[in-house]
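Only one structure is covered here, and it is reproduced in the block below.
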There are 2 protein chains.
Amino acid sequence: MKGLTRIDGGVCAPLKFVAAAATGGIKNPTAERLDLALIYSEIDAVASGTFTLNEIKAAPVRLSQQHIADGDVRAIFANSGNANACTGEVGTRDAIVTVESVAKELKIREDQVAIGSTGVIGLPMPMDRLLAPIPEMVKELSRKAHTDVAKAIMTSDTTHKEIAVAFSVDGVEYKLGGCAKGAGMICPSMATMLCFITTDIGVSKEVLDKSVQRSVAKSFNRITIDGDMSTNDTVIVLANGAAGNELIESEGELLSAFQEALDTVMLELAKSLVRDGERVTKFVTVEVKGASTEDDGRKAAEAVANSALVKASWNGEDPNWGRIIHAVGYSGALLEEECMNISIEGDLACKGGLQADTSMEILRGHVTKEAFTICIDLGMGDASYEVYTSDMSPEYIDFNRSEYAYWKQARKDGLV
Amino acid sequence: MKGLTRIDGGVCAPLKFVAAAATGGIKNPTAERLDLALIYSEIDAVASGTFTLNEIKAAPVRLSQQHIADGDVRAIFANSGNANACTGEVGTRDAIVTVESVAKELKIREDQVAIGSTGVIGLPMPMDRLLAPIPEMVKELSRKAHTDVAKAIMTSDTTHKEIAVAFSVDGVEYKLGGCAKGAGMICPSMATMLCFITTDIGVSKEVLDKSVQRSVAKSFNRITIDGDMSTNDTVIVLANGAAGNELIESEGELLSAFQEALDTVMLELAKSLVRDGERVTKFVTVEVKGASTEDDGRKAAEAVANSALVKASWNGEDPNWGRIIHAVGYSGALLEEECMNISIEGDLACKGGLQADTSMEILRGHVTKEAFTICIDLGMGDASYEVYTSDMSPEYIDFNRSEYAYWKQARKDGLV
C-alpha cells in the first residue's frame with residue numbers, strides 16, 4: 001500500500017460520483033441558505049450504513065434502513081431544517097414520496113435511493129419546498145458541488161465538514177470522500193448527525209457492512225457532546241467500484257488498506273463534530289487503560305465524558321481530578337481506589353487514588369489548551385477504551401433553553 | 001393510627017435525643033459558620049442506614065457502614081467543609097481517630113458512633129480543628145440544638161432542611177425527626193448528601209433495615225439534580241425505643257404507621273434537596289406510567305430527568321415534548337412511538353407520538369410555574385415510576401466551572 005494522502009473533492013473525489021445542492025427554504029421559506037443535498041453514483045454501487053439506536057426513529061431513517069439492507073443504493077438525498085421525526089403516518093408517506101421523486105428524476109429504482117433529514121422534530125415536512133428543486137438538482141449534478149453539499153446539511157454547525165483521501169495498492173489508486181454534520185448531539189430539538197461517505201473501490205456488500213461497523217465503532221460511537229442520542233443519526237457509505245479492482249470479498253492487503261482509509265475518514269469527521277459542538281471550547285480525549293474488560297473501559301470513559309460536573313470543570317479550565325474519580329466510581333467499572341492513576345497530558349494528577357505531586361500550575365497549563373487528553377489507568381487489567389468529548393458551557397445551556405417562539409410561530413402558521 | 005402531624009424539634013423531637021453544633025473552621029479556619037454536628041441518643045438505640053453505591057467511598061462512609069451493620073449505633077458525629085474522600089490511609093486513620101474521640105467523650109463504645117463528612121474531596125481533614133470542639137459539644141448536648149445541627153451540615157445549600165412528625169397508635173405517641181443536606185448531587189467537588197433521622201419507636205434491627213430500604217427506594221433514590229452520584233451519600237436512622245412500645249418485630253398496624261411516617265420524613269427531605277439544588281429554578285416531577293415493567297418505567301423517567309437538553313428546556317420555560325420523547329427513545333424502555341402520550345400538568349402535549357392540539361399558551365403556562373409534573377404514558381403495560389428532579393441553568397454550569405483557586409491555596413498552605 002502507498003500511504004494515505006489527503007486530497008480535495010469531498011464526496012466527489014472518488015470516480016463517478018457527482019453531487020448537487022439547492023435552497024429549498026425548508027426551515028424558513030425566506031432564508032437563502034442551502035438546505036438540500038444530492039449525492040449520486042453514475043454507475044451501480046454497493047451501500048452500507050448504520051443508524052441511530054434511539055427507539056424513536058425518524059421516517060427517513062426507517063426507509064433508508066430498508067433500502068440499505070437491500071444493498072444497491074446509489075443516490076442519497078438529504079435536507080436540513082426539518083428532521084421528519086415524530087411525524088407519524090404523514091411523515092412516513094412524505095419520506096416515500098421524496099424517494100419516489102428522486103428516483104423518477106434520476107431514472108433509477110426507488111430502492112436505490114436513501115434519504116436523510118436533520119432539523120426540527122415533530123413538525124411536518126414542507127413537501128412542496130422539498131420536492132420543487134429536485135429536477136433542477138438532477139440536471140446540475142457535477143463534481144464541483146461537494147462543498148455545497150457539506151454546507152446544505154448543516155444546522156447549528158458553525159462550519160461545514162468534508163474530507164477526501166487517496167491510497168494506492170498494486171499501482172491502482174482508490175479514493176474516499178465524506179461529509180458530515182453534527183453540532184449538539186441534538187441542537188435545539190433538532191435531530192442531528194448525518195454522515196455520507198463515497199468511495200470508488202469495489203467491495204462486496206458483506207465485506208462493506210463489516211468494514212463500516214468496525215469504523216463506526218471506533219469513531220462515531222466514541223464521541224459524546226451532551227450525552228443525548230438523536231432520532232436521526234445516520235452514516236451511509238456508497239462504494240461504486242469505479243477504480244476497477246476485482247471486488248473485495250475477503251481479507252487481504254487491499255481490504256486492510258481500505259479499512260485504514262475508512263477509519264481515518266470517519267474518525268476525522270467524528271472528531272470534527274465534537275470540535276464544532278454547540279458552544280464547545282475544549283476538545284477532550286478521555287483514554288481509559290488498565291481496565292479489566294473493554295466494556296469496563298467504555299463505562300468508565302463514558303461516565304467521565306458525560307458528567308455535567310466534569311464537563312463544567314473543563315469549561316472552567318480546572319485540572320480537577322476529584323470529579324473524574326467520582327464519575328469513574330459510579331460508572332460500574334471494576335476498580336480499586338488505591339490502584340487508580342489519572343494523568344492530564346501525561347502528567348499525573350492523581351496517583352493511587354490520591355493527589356499526585358505534580359504542580360498545580362503544570363496541570364492547569366494543560367487544561368488551558370484547546371485540546372488535551374485525560375488518561376485514567378484503572379490498574380485492574382489490560383483493556384482500554386477511548387472517547388472524544390467536549391466541555392459543557394453556560395452558553396450551551398443558554399443556547400438550548402427555548403425554542404418556544406419558533407413553535408408558537410409554527411402553530412400560528414398552521415403547521416401543527 | 002392517629003394521623004401524622006407536623007411538630008417542631010427536628011432530630012431532637014423524639015424522646016431522649018439531644019444534639020449539639022459547633023464551629024470548627026473545617027473548610028476555612030477564619031469563617032464563623034457552624035460546621036460540626038453531634039446527634040446522640042441518651043439511651044441505647046438500634047441503627048440502620050444506606051450509603052452511596054459509588055465505588056469510591058469516603059473513609060467515614062466505610063467506617064459507618066461497619067458500625068451500622070453491628071446495629072447499636074447511638075451517636076452520629078458529622079462535619080461539613082471536608083468530605084474525607086480520596087484521602088487514602090490517612091483518611092481512614094482520621095475517621096477512626098474521630099470515632100475514638102467522640103466515643104471517649106460520650107463514654108460509649110466506639111462502634112456505637114457513626115460519622116458523616118461532606119465537603120471538598122481529596123484534601124486531608126484538618127484533624128486539630130475537627131477534634132478540639134468535641135468535649136465542649138458533648139457538654140452542650142441539649143434538645144435545643146436541632147436547627148443548629150441542620151445548619152452545621154450545609155455546604156452550598158442555601159437553606160437548612162429539617163422536619164419532625166408525630167403519630168399515635170393505641171394511645172402511645174411516636175415521633176420521628178430528621179435533617180438533611182444536599183445541593184448539587186455534588187457541589188464544587190464536594191461530596192454531598194447527608195440525612196440523619198431519629199425516632200423514639202422501638203423496632204428490631206431487622207425490621208428497621210427493611211423499613212429504611214423501602215423508604216429510601218421511594219425518596220432519596222428517586223431524586224436527581226445533575227445525574228452525578230457522590231462518594232459520601234449517607235442516610236442513617238436511629239431508633240431508641242423511648243416511646244415504650246413493645247419492640248416491633250413483624251408486620252402490623254404499628255409497623256405500617258411507622259413506615260408511613262418514615263416515608264413522609266424521607267420524601268419531604270429528599271424533595272427539599274431538589275428544591276434547593278444548585279442554581280435550580282424548577283421542581284419537576286417526572287411520572288412514567290403504562291410501562292411494561294417498573295424497571296422500564298425507571299429507565300424512561302431517569303433518562304428524561306438526566307437529559308441536559310430536557311433540563312435546559314425547563315430552565316427556558318419551554319413546554320418541549322420533542323426532547324422528552326427523544327430521551328425516552330434512548331432510555332432502553334420498551335416502547336412504540338404511536339402508543340406514547342406526554343402530558344404537562346394533565347394537559348396533553350403529545351398524543352400517540354404526535355403533537356397534541358392543546359394550545360401552546362396553556363402548556364407554556366404550566367412550565368412557567370415553579371413546580372410542575374410531566375407525565376409520560378408509554379401505553380405498553382401497567383407499571384409506573386416517578387422521579388423528582390430540577391432544571392439545569394447556565395448558572396449551574398457557571399457555578400461549577402472552577403475550584404482551581406481554592407486548590408491552589410490549599411497547595412500553598414501545604415495541605416496537599
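Letters for chains follow the order of the C-alpha cells (A, B, ...), residue numbers begin at 1 for each chain, and ligand numbers begin at 1 in the order shown.
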For chain B against chain A, which residues fall within 8 Å using only C-alpha atoms, given as an mmCIF file with C-alpha atoms, in the first residue's frame?
data_model
loop_
_atom_site.group_PDB
_atom_site.id
_atom_site.type_symbol
_atom_site.label_atom_id
_atom_site.label_comp_id
_atom_site.auth_asym_id
_atom_site.auth_seq_id
_atom_site.Cartn_x
_atom_site.Cartn_y
_atom_site.Cartn_z
ATOM 1 C CA LEU B 53 -23.204 2.965 45.672
ATOM 2 C CA ASN B 54 -20.223 4.867 44.253
ATOM 3 C CA GLU B 55 -17.225 2.510 44.277
ATOM 4 C CA ILE B 56 -15.152 5.427 45.531
ATOM 5 C CA CYS B 86 -9.888 10.160 48.289
ATOM 6 C CA THR B 87 -7.637 10.645 51.274
ATOM 7 C CA GLY B 88 -6.186 7.121 51.435
ATOM 8 C CA ILE B 121 -12.819 15.742 48.029
ATOM 9 C CA GLY B 122 -9.135 14.849 48.175
ATOM 10 C CA SER B 189 -16.059 18.782 44.048
ATOM 11 C CA ASP B 226 -27.312 16.615 37.825
ATOM 12 C CA GLY B 227 -27.055 12.844 37.416
ATOM 13 C CA ASP B 228 -23.877 12.615 39.447
ATOM 14 C CA MET B 229 -23.627 10.268 42.426
ATOM 15 C CA SER B 230 -21.384 11.348 45.250
ATOM 16 C CA THR B 231 -18.761 9.469 47.244
ATOM 17 C CA SER B 307 -31.060 14.811 29.884
ATOM 18 C CA ALA B 308 -29.150 18.098 29.719
ATOM 19 C CA LEU B 309 -31.320 19.185 26.797
ATOM 20 C CA ALA B 312 -32.227 23.238 29.628
ATOM 21 C CA SER B 313 -35.713 23.477 28.079
ATOM 22 C CA TRP B 314 -37.304 23.506 31.545
ATOM 23 C CA ASN B 315 -34.942 26.296 32.531
ATOM 24 C CA GLY B 316 -36.158 28.166 29.457
ATOM 25 C CA GLU B 317 -39.827 27.510 30.369
ATOM 26 C CA ASP B 318 -40.270 25.761 27.039
ATOM 27 C CA PRO B 319 -43.062 23.092 27.024
ATOM 28 C CA ASN B 320 -40.913 20.982 24.713
ATOM 29 C CA GLY B 322 -39.731 16.589 21.378
ATOM 30 C CA ARG B 323 -36.749 16.428 23.709
ATOM 31 C CA ILE B 325 -39.762 11.748 23.612
ATOM 32 C CA HIS B 326 -36.224 11.524 22.259
ATOM 33 C CA ALA B 327 -34.828 10.910 25.765
ATOM 34 C CA GLY B 329 -36.410 6.793 22.965
ATOM 35 C CA TYR B 330 -32.827 6.136 24.028
ATOM 36 C CA GLY B 332 -33.876 1.389 26.751
ATOM 37 C CA LEU B 335 -41.995 1.474 23.621
ATOM 38 C CA GLU B 336 -43.899 2.140 20.453
ATOM 39 C CA GLU B 337 -43.905 5.709 19.275
ATOM 40 C CA GLU B 338 -47.569 5.532 18.274
ATOM 41 C CA GLY B 353 -46.230 10.231 19.345
ATOM 42 C CA LEU B 354 -47.522 13.376 17.625
ATOM 43 C CA GLN B 355 -48.100 16.974 18.653
ATOM 44 C CA MET B 360 -49.125 26.294 23.230
ATOM 45 C CA MET B 392 -30.338 22.875 34.674
ATOM 46 C CA SER B 393 -29.367 26.501 34.368
ATOM 47 C CA PRO B 394 -26.450 28.300 32.722
ATOM 48 C CA GLU B 395 -25.711 29.454 36.277
ATOM 49 C CA TYR B 396 -25.298 25.828 37.418
ATOM 50 C CA ILE B 397 -22.506 25.295 34.898
ATOM 51 C CA ASP B 398 -21.012 28.656 35.711
ATOM 52 C CA ASN B 400 -19.339 24.604 38.893
ATOM 53 C CA ARG B 401 -16.707 25.829 36.448
ATOM 54 C CA SER B 402 -13.717 26.009 38.729
ATOM 55 C CA GLU B 403 -12.371 25.490 42.185
ATOM 56 C CA TYR B 404 -8.824 25.909 40.976
ATOM 57 C CA LYS B 408 -4.049 26.396 44.621
ATOM 58 C CA ARG B 411 -1.338 23.605 47.941
ATOM 59 C CA VAL B 416 -1.722 18.680 49.672
#
Legend entry - Long-range neighbours of region 242-245 of chain A as number ranges by chain, 8 Å cut-off, only C-alpha atoms, 5 positions minimum in chain: A: 15-16, 43, 172-174, 200-202
Using the selection just defined, write its residues with N, CA, C and O atoms as a tab-separated table (two decimals), in the first residue's frame.
chain	number	residue	atom	x	y	z
A	15	LEU	N	-14.06	8.42	-8.19
A	15	LEU	CA	-14.54	8.40	-9.58
A	15	LEU	C	-16.05	8.15	-9.65
A	15	LEU	O	-16.60	7.37	-8.88
A	16	LYS	N	-16.67	8.81	-10.63
A	16	LYS	CA	-18.08	8.56	-10.96
A	16	LYS	C	-19.08	8.99	-9.87
A	16	LYS	O	-20.21	8.47	-9.83
A	43	ILE	N	-22.66	5.10	-11.74
A	43	ILE	CA	-22.78	3.66	-12.02
A	43	ILE	C	-23.34	2.96	-10.78
A	43	ILE	O	-23.42	3.57	-9.70
A	172	VAL	N	-2.91	0.70	-8.37
A	172	VAL	CA	-4.25	1.26	-8.60
A	172	VAL	C	-4.56	2.25	-7.49
A	172	VAL	O	-4.32	1.98	-6.31
A	173	GLU	N	-5.11	3.42	-7.88
A	173	GLU	CA	-5.45	4.41	-6.86
A	173	GLU	C	-6.92	4.29	-6.47
A	173	GLU	O	-7.79	4.09	-7.32
A	174	TYR	N	-7.17	4.41	-5.18
A	174	TYR	CA	-8.53	4.37	-4.65
A	174	TYR	C	-8.79	5.65	-3.87
A	174	TYR	O	-7.90	6.17	-3.22
A	200	ASP	N	-14.63	4.80	-4.58
A	200	ASP	CA	-14.66	4.15	-5.88
A	200	ASP	C	-14.03	2.75	-5.84
A	200	ASP	O	-13.77	2.15	-6.87
A	201	ILE	N	-13.80	2.25	-4.63
A	201	ILE	CA	-13.30	0.88	-4.53
A	201	ILE	C	-14.45	-0.09	-4.85
A	201	ILE	O	-15.63	0.25	-4.69
A	202	GLY	N	-14.11	-1.27	-5.28
A	202	GLY	CA	-15.10	-2.31	-5.49
A	202	GLY	C	-15.09	-3.26	-4.30
A	202	GLY	O	-14.04	-3.82	-3.97
Legend entry - Residues near Arg93 (chain A), cut-off 12 Å, only C-alpha atoms, skip fewer than 4 positions along chain, as a list in words: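 The neighbour list is Ala59, Pro60, Arg62, Leu63, Asn84, Thr87, Gly88, Glu89, Val97, Thr98, Val99, Glu100, Pro124, Met125 and Met127 of chain A.
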Inset, instruction - Once DSSP has gone over the backbone, tell me which residues of region 111-281 of chain B are in strand (DSSP E or B), as a ChimeraX atom specification. - result: /B:113-120,142,161-169,172-181,190-191,194-199,203,223-224,234-239,248
Legend entry - Exercise: region 35-37 of chain B partners within 8 Å, only C-alpha atoms, chain neighbours under 5 positions left out, as a PyMOL selection string: chain B and resi 19-26+76-81+130+148-149+151-154
Inset, instruction - Could you please determine the separation between CA of Ile344 (chain B) and CA of Ala217 (chain B) in Å, to one decimal place? - result: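 For CA of Ile344 (chain B) relative to CA of Ala217 (chain B), the distance reads 25.0 Å.
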Legend entry - Residues within 9 Å of Gly297 (chain B), only C-alpha atoms, excluding chain neighbours under 4 positions, as a VMD selection string: chain B and resid 287 to 293 301 to 302 333 378 383 to 386
Print the selection's residues with all heavy atoms to a file, as a CSV table (one decimal), in the first residue's frame.
chain,number,residue,atom,x,y,z
B,287,GLU,N,-43.3,11.6,35.9
B,287,GLU,CA,-44.1,10.4,36.2
B,287,GLU,C,-44.2,9.5,34.9
B,287,GLU,O,-44.6,10.0,33.9
B,287,GLU,CB,-45.5,10.9,36.6
B,287,GLU,CG,-46.4,9.9,37.1
B,287,GLU,CD,-47.8,10.5,37.3
B,287,GLU,OE1,-47.9,11.7,37.6
B,287,GLU,OE2,-48.8,9.7,37.1
B,288,VAL,N,-43.8,8.3,35.0
B,288,VAL,CA,-43.9,7.4,33.9
B,288,VAL,C,-45.0,6.4,34.2
B,288,VAL,O,-44.9,5.8,35.3
B,288,VAL,CB,-42.6,6.7,33.5
B,288,VAL,CG1,-42.8,5.7,32.4
B,288,VAL,CG2,-41.6,7.7,33.1
B,289,LYS,N,-46.0,6.2,33.4
B,289,LYS,CA,-47.0,5.1,33.6
B,289,LYS,C,-47.1,4.3,32.3
B,289,LYS,O,-46.6,4.7,31.3
B,289,LYS,CB,-48.3,5.7,34.2
B,289,LYS,CG,-49.0,6.7,33.3
B,289,LYS,CD,-50.2,7.2,34.1
B,289,LYS,CE,-51.1,8.0,33.1
B,289,LYS,NZ,-52.3,8.5,33.8
B,290,GLY,N,-47.9,3.2,32.4
B,290,GLY,CA,-48.1,2.4,31.2
B,290,GLY,C,-46.8,1.7,30.8
B,290,GLY,O,-46.7,1.3,29.6
B,291,ALA,N,-45.8,1.6,31.7
B,291,ALA,CA,-44.6,0.9,31.3
B,291,ALA,C,-44.8,-0.6,31.4
B,291,ALA,O,-45.7,-1.1,32.2
B,291,ALA,CB,-43.4,1.3,32.3
B,292,SER,N,-44.0,-1.4,30.7
B,292,SER,CA,-44.3,-2.8,30.7
B,292,SER,C,-43.7,-3.4,32.0
B,292,SER,O,-44.1,-4.5,32.5
B,292,SER,CB,-43.7,-3.5,29.5
B,292,SER,OG,-42.4,-3.3,29.3
B,293,THR,N,-42.6,-2.8,32.6
B,293,THR,CA,-42.1,-3.2,33.9
B,293,THR,C,-41.7,-2.0,34.7
B,293,THR,O,-41.5,-0.9,34.1
B,293,THR,CB,-40.8,-4.1,33.7
B,293,THR,OG1,-39.8,-3.2,33.1
B,293,THR,CG2,-41.0,-5.3,32.9
B,301,ALA,N,-38.0,7.4,33.1
B,301,ALA,CA,-38.0,8.5,33.9
B,301,ALA,C,-36.6,9.1,34.2
B,301,ALA,O,-36.4,10.3,34.1
B,301,ALA,CB,-38.7,8.2,35.3
B,302,GLU,N,-35.7,8.3,34.4
B,302,GLU,CA,-34.3,8.8,34.7
B,302,GLU,C,-33.7,9.4,33.4
B,302,GLU,O,-32.9,10.3,33.5
B,302,GLU,CB,-33.4,7.6,35.3
B,302,GLU,CG,-33.9,7.3,36.7
B,302,GLU,CD,-33.0,6.2,37.4
B,302,GLU,OE1,-32.2,5.6,36.7
B,302,GLU,OE2,-33.2,6.0,38.6
B,333,ALA,N,-36.2,1.6,27.5
B,333,ALA,CA,-37.5,1.1,27.8
B,333,ALA,C,-38.3,0.7,26.6
B,333,ALA,O,-38.1,1.2,25.5
B,333,ALA,CB,-38.4,2.2,28.5
B,378,LEU,N,-46.5,5.4,28.5
B,378,LEU,CA,-45.9,4.6,27.4
B,378,LEU,C,-46.9,3.7,26.7
B,378,LEU,O,-46.7,3.2,25.6
B,378,LEU,CB,-44.8,3.7,28.0
B,378,LEU,CG,-43.5,4.4,28.5
B,378,LEU,CD1,-42.5,3.4,29.1
B,378,LEU,CD2,-42.8,5.2,27.4
B,383,ALA,N,-47.1,-0.8,34.7
B,383,ALA,CA,-46.1,-0.4,35.7
B,383,ALA,C,-45.8,1.1,35.6
B,383,ALA,O,-46.0,1.7,34.6
B,383,ALA,CB,-44.8,-1.1,35.4
B,384,SER,N,-45.5,1.6,36.8
B,384,SER,CA,-45.2,3.1,36.8
B,384,SER,C,-44.0,3.4,37.7
B,384,SER,O,-43.5,2.5,38.4
B,384,SER,CB,-46.4,3.8,37.4
B,384,SER,OG,-46.7,3.4,38.7
B,385,TYR,N,-43.5,4.6,37.6
B,385,TYR,CA,-42.3,5.0,38.3
B,385,TYR,C,-42.3,6.5,38.3
B,385,TYR,O,-42.8,7.2,37.4
B,385,TYR,CB,-41.0,4.5,37.7
B,385,TYR,CG,-39.8,4.5,38.6
B,385,TYR,CD1,-39.6,3.4,39.4
B,385,TYR,CD2,-38.9,5.5,38.7
B,385,TYR,CE1,-38.5,3.3,40.2
B,385,TYR,CE2,-37.9,5.5,39.5
B,385,TYR,CZ,-37.6,4.4,40.3
B,385,TYR,OH,-36.5,4.4,41.2
B,386,GLU,N,-41.7,7.1,39.4
B,386,GLU,CA,-41.8,8.6,39.5
B,386,GLU,C,-40.4,9.0,40.0
B,386,GLU,O,-39.8,8.4,40.9
B,386,GLU,CB,-42.9,8.9,40.5
B,386,GLU,CG,-43.4,10.3,40.4
B,386,GLU,CD,-44.6,10.5,41.3
B,386,GLU,OE1,-44.5,10.8,42.5
B,386,GLU,OE2,-45.7,10.3,40.8
Inset, instruction - In Å, rounded to a single decimal, give me how far CA of Val286 (chain B) is from CA of Leu273 (chain B). - result: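 If I compute the distance from CA of Leu273 (chain B) to CA of Val286 (chain B), I get 16.0 Å.
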Near-Val274 (chain A) list (8 Å; only C-alpha atoms; drop same-chain fewer than 3 positions) as a compact mmCIF listing (two decimals) with N, CA, C and O atoms, in the first residue's frame:
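What follows is the written file around01.txt:
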# COMPACT_ATOMS: atom_id res chain seq x y z
N GLY A 182 -23.10 17.87 12.57
CA GLY A 182 -23.38 17.43 13.94
C GLY A 182 -23.99 18.52 14.78
O GLY A 182 -25.15 18.79 14.68
N ALA A 183 -23.17 19.14 15.59
CA ALA A 183 -23.49 20.29 16.45
C ALA A 183 -23.75 19.87 17.88
O ALA A 183 -22.81 19.57 18.58
N ILE A 223 -17.86 9.28 20.24
CA ILE A 223 -17.97 10.71 20.53
C ILE A 223 -19.23 11.00 21.35
O ILE A 223 -20.26 10.35 21.20
N THR A 224 -19.12 11.95 22.24
CA THR A 224 -20.28 12.39 23.01
C THR A 224 -20.10 13.86 23.29
O THR A 224 -19.03 14.31 23.68
N ILE A 225 -21.15 14.62 23.03
CA ILE A 225 -21.10 16.05 23.34
C ILE A 225 -21.94 16.31 24.58
O ILE A 225 -21.45 16.76 25.59
N ALA A 270 -15.78 12.46 12.73
CA ALA A 270 -16.37 12.36 14.07
C ALA A 270 -15.74 13.39 15.01
O ALA A 270 -16.43 14.10 15.74
N LYS A 271 -14.41 13.49 14.96
CA LYS A 271 -13.73 14.47 15.82
C LYS A 271 -14.13 15.90 15.45
O LYS A 271 -14.24 16.76 16.32
N GLY A 277 -19.08 21.21 18.33
CA GLY A 277 -20.26 21.02 19.18
C GLY A 277 -20.78 22.37 19.66
O GLY A 277 -20.05 23.36 19.66
N VAL A 280 -18.96 24.75 22.32
CA VAL A 280 -17.86 23.98 22.87
C VAL A 280 -16.58 24.80 22.83
O VAL A 280 -16.33 25.51 21.85
N PHE A 283 -11.71 20.35 23.24
CA PHE A 283 -11.77 19.01 22.68
C PHE A 283 -10.99 18.10 23.63
O PHE A 283 -9.79 18.27 23.81
N TYR A 388 -14.05 10.68 22.65
CA TYR A 388 -13.72 12.06 22.31
C TYR A 388 -14.90 12.92 22.71
O TYR A 388 -16.04 12.65 22.32
N THR A 389 -14.65 13.93 23.50
CA THR A 389 -15.76 14.71 24.03
C THR A 389 -15.37 16.17 24.19
O THR A 389 -14.31 16.60 23.73
N SER A 390 -16.25 16.92 24.82
CA SER A 390 -16.07 18.36 24.91
C SER A 390 -16.39 18.81 26.33
O SER A 390 -16.86 18.04 27.15
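Interatomic distance, CA of Gly3 (chain A) to CA of Ala166 (chain A): 8.3 Å.
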Inset, instruction - Run DSSP on the backbone of this structure and report the residues of region 226-383 of chain A it assigns to helix (DSSP H, G or I), as a VMD selection string. - result: chain A and resid 253 to 275 294 to 306 308 to 315 322 to 329 337 to 339 360 to 367
Limited to C-alpha atoms, could you put the picked residues into a file as a compact mmCIF listing (two decimals), in the first residue's frame?
# COMPACT_ATOMS: atom_id res chain seq x y z
CA GLU A 253 -3.81 -6.19 1.65
CA LEU A 254 -6.43 -4.21 -0.25
CA LEU A 255 -9.09 -4.65 2.40
CA SER A 256 -6.62 -3.65 5.13
CA ALA A 257 -5.71 -0.51 3.21
CA PHE A 258 -9.37 0.32 2.63
CA GLN A 259 -10.22 -0.25 6.30
CA GLU A 260 -7.44 2.11 7.35
CA ALA A 261 -8.70 4.77 4.94
CA LEU A 262 -12.31 4.36 6.09
CA ASP A 263 -11.20 4.51 9.74
CA THR A 264 -9.35 7.74 9.02
CA VAL A 265 -12.24 9.39 7.18
CA MET A 266 -14.78 8.50 9.87
CA LEU A 267 -12.53 9.39 12.81
CA GLU A 268 -11.63 12.77 11.32
CA LEU A 269 -15.27 13.59 10.62
CA ALA A 270 -16.37 12.36 14.07
CA LYS A 271 -13.73 14.47 15.82
CA SER A 272 -14.72 17.49 13.75
CA LEU A 273 -18.29 17.12 15.05
CA VAL A 274 -17.03 17.33 18.64
CA ARG A 275 -14.85 20.36 17.87
CA GLU A 294 -13.10 -3.31 27.22
CA ASP A 295 -16.69 -2.84 28.37
CA ASP A 296 -15.44 -1.63 31.76
CA GLY A 297 -13.16 0.79 29.93
CA ARG A 298 -16.13 2.07 27.94
CA LYS A 299 -18.27 2.51 31.05
CA ALA A 300 -15.56 4.49 32.83
CA ALA A 301 -14.75 6.66 29.80
CA GLU A 302 -18.41 7.43 29.05
CA ALA A 303 -19.25 8.22 32.69
CA VAL A 304 -16.44 10.79 32.77
CA ALA A 305 -17.26 12.20 29.32
CA ASN A 306 -20.97 12.59 30.17
CA ALA A 308 -22.04 17.60 33.74
CA LEU A 309 -19.72 18.42 36.63
CA VAL A 310 -16.59 17.12 34.90
CA LYS A 311 -17.55 18.99 31.73
CA ALA A 312 -18.19 22.19 33.70
CA SER A 313 -14.71 21.92 35.25
CA TRP A 314 -13.15 21.60 31.79
CA ASN A 315 -15.05 24.68 30.71
CA GLY A 322 -11.77 14.68 42.13
CA ARG A 323 -14.75 14.93 39.80
CA ILE A 324 -13.15 12.48 37.38
CA ILE A 325 -12.51 9.84 40.05
CA HIS A 326 -16.04 10.20 41.40
CA ALA A 327 -17.53 9.71 37.90
CA VAL A 328 -15.37 6.61 37.40
CA GLY A 329 -16.59 5.50 40.82
CA GLU A 337 -9.35 3.35 44.55
CA GLU A 338 -5.75 2.63 45.55
CA CYS A 339 -4.91 1.31 42.08
CA MET A 360 -0.98 22.75 40.03
CA GLU A 361 0.47 25.23 37.54
CA ILE A 362 1.62 22.46 35.19
CA LEU A 363 -1.77 20.69 35.29
CA ARG A 364 -3.57 24.00 34.87
CA GLY A 365 -1.39 24.77 31.86
CA HIS A 366 -2.54 21.57 30.17
CA VAL A 367 -6.27 22.25 30.54
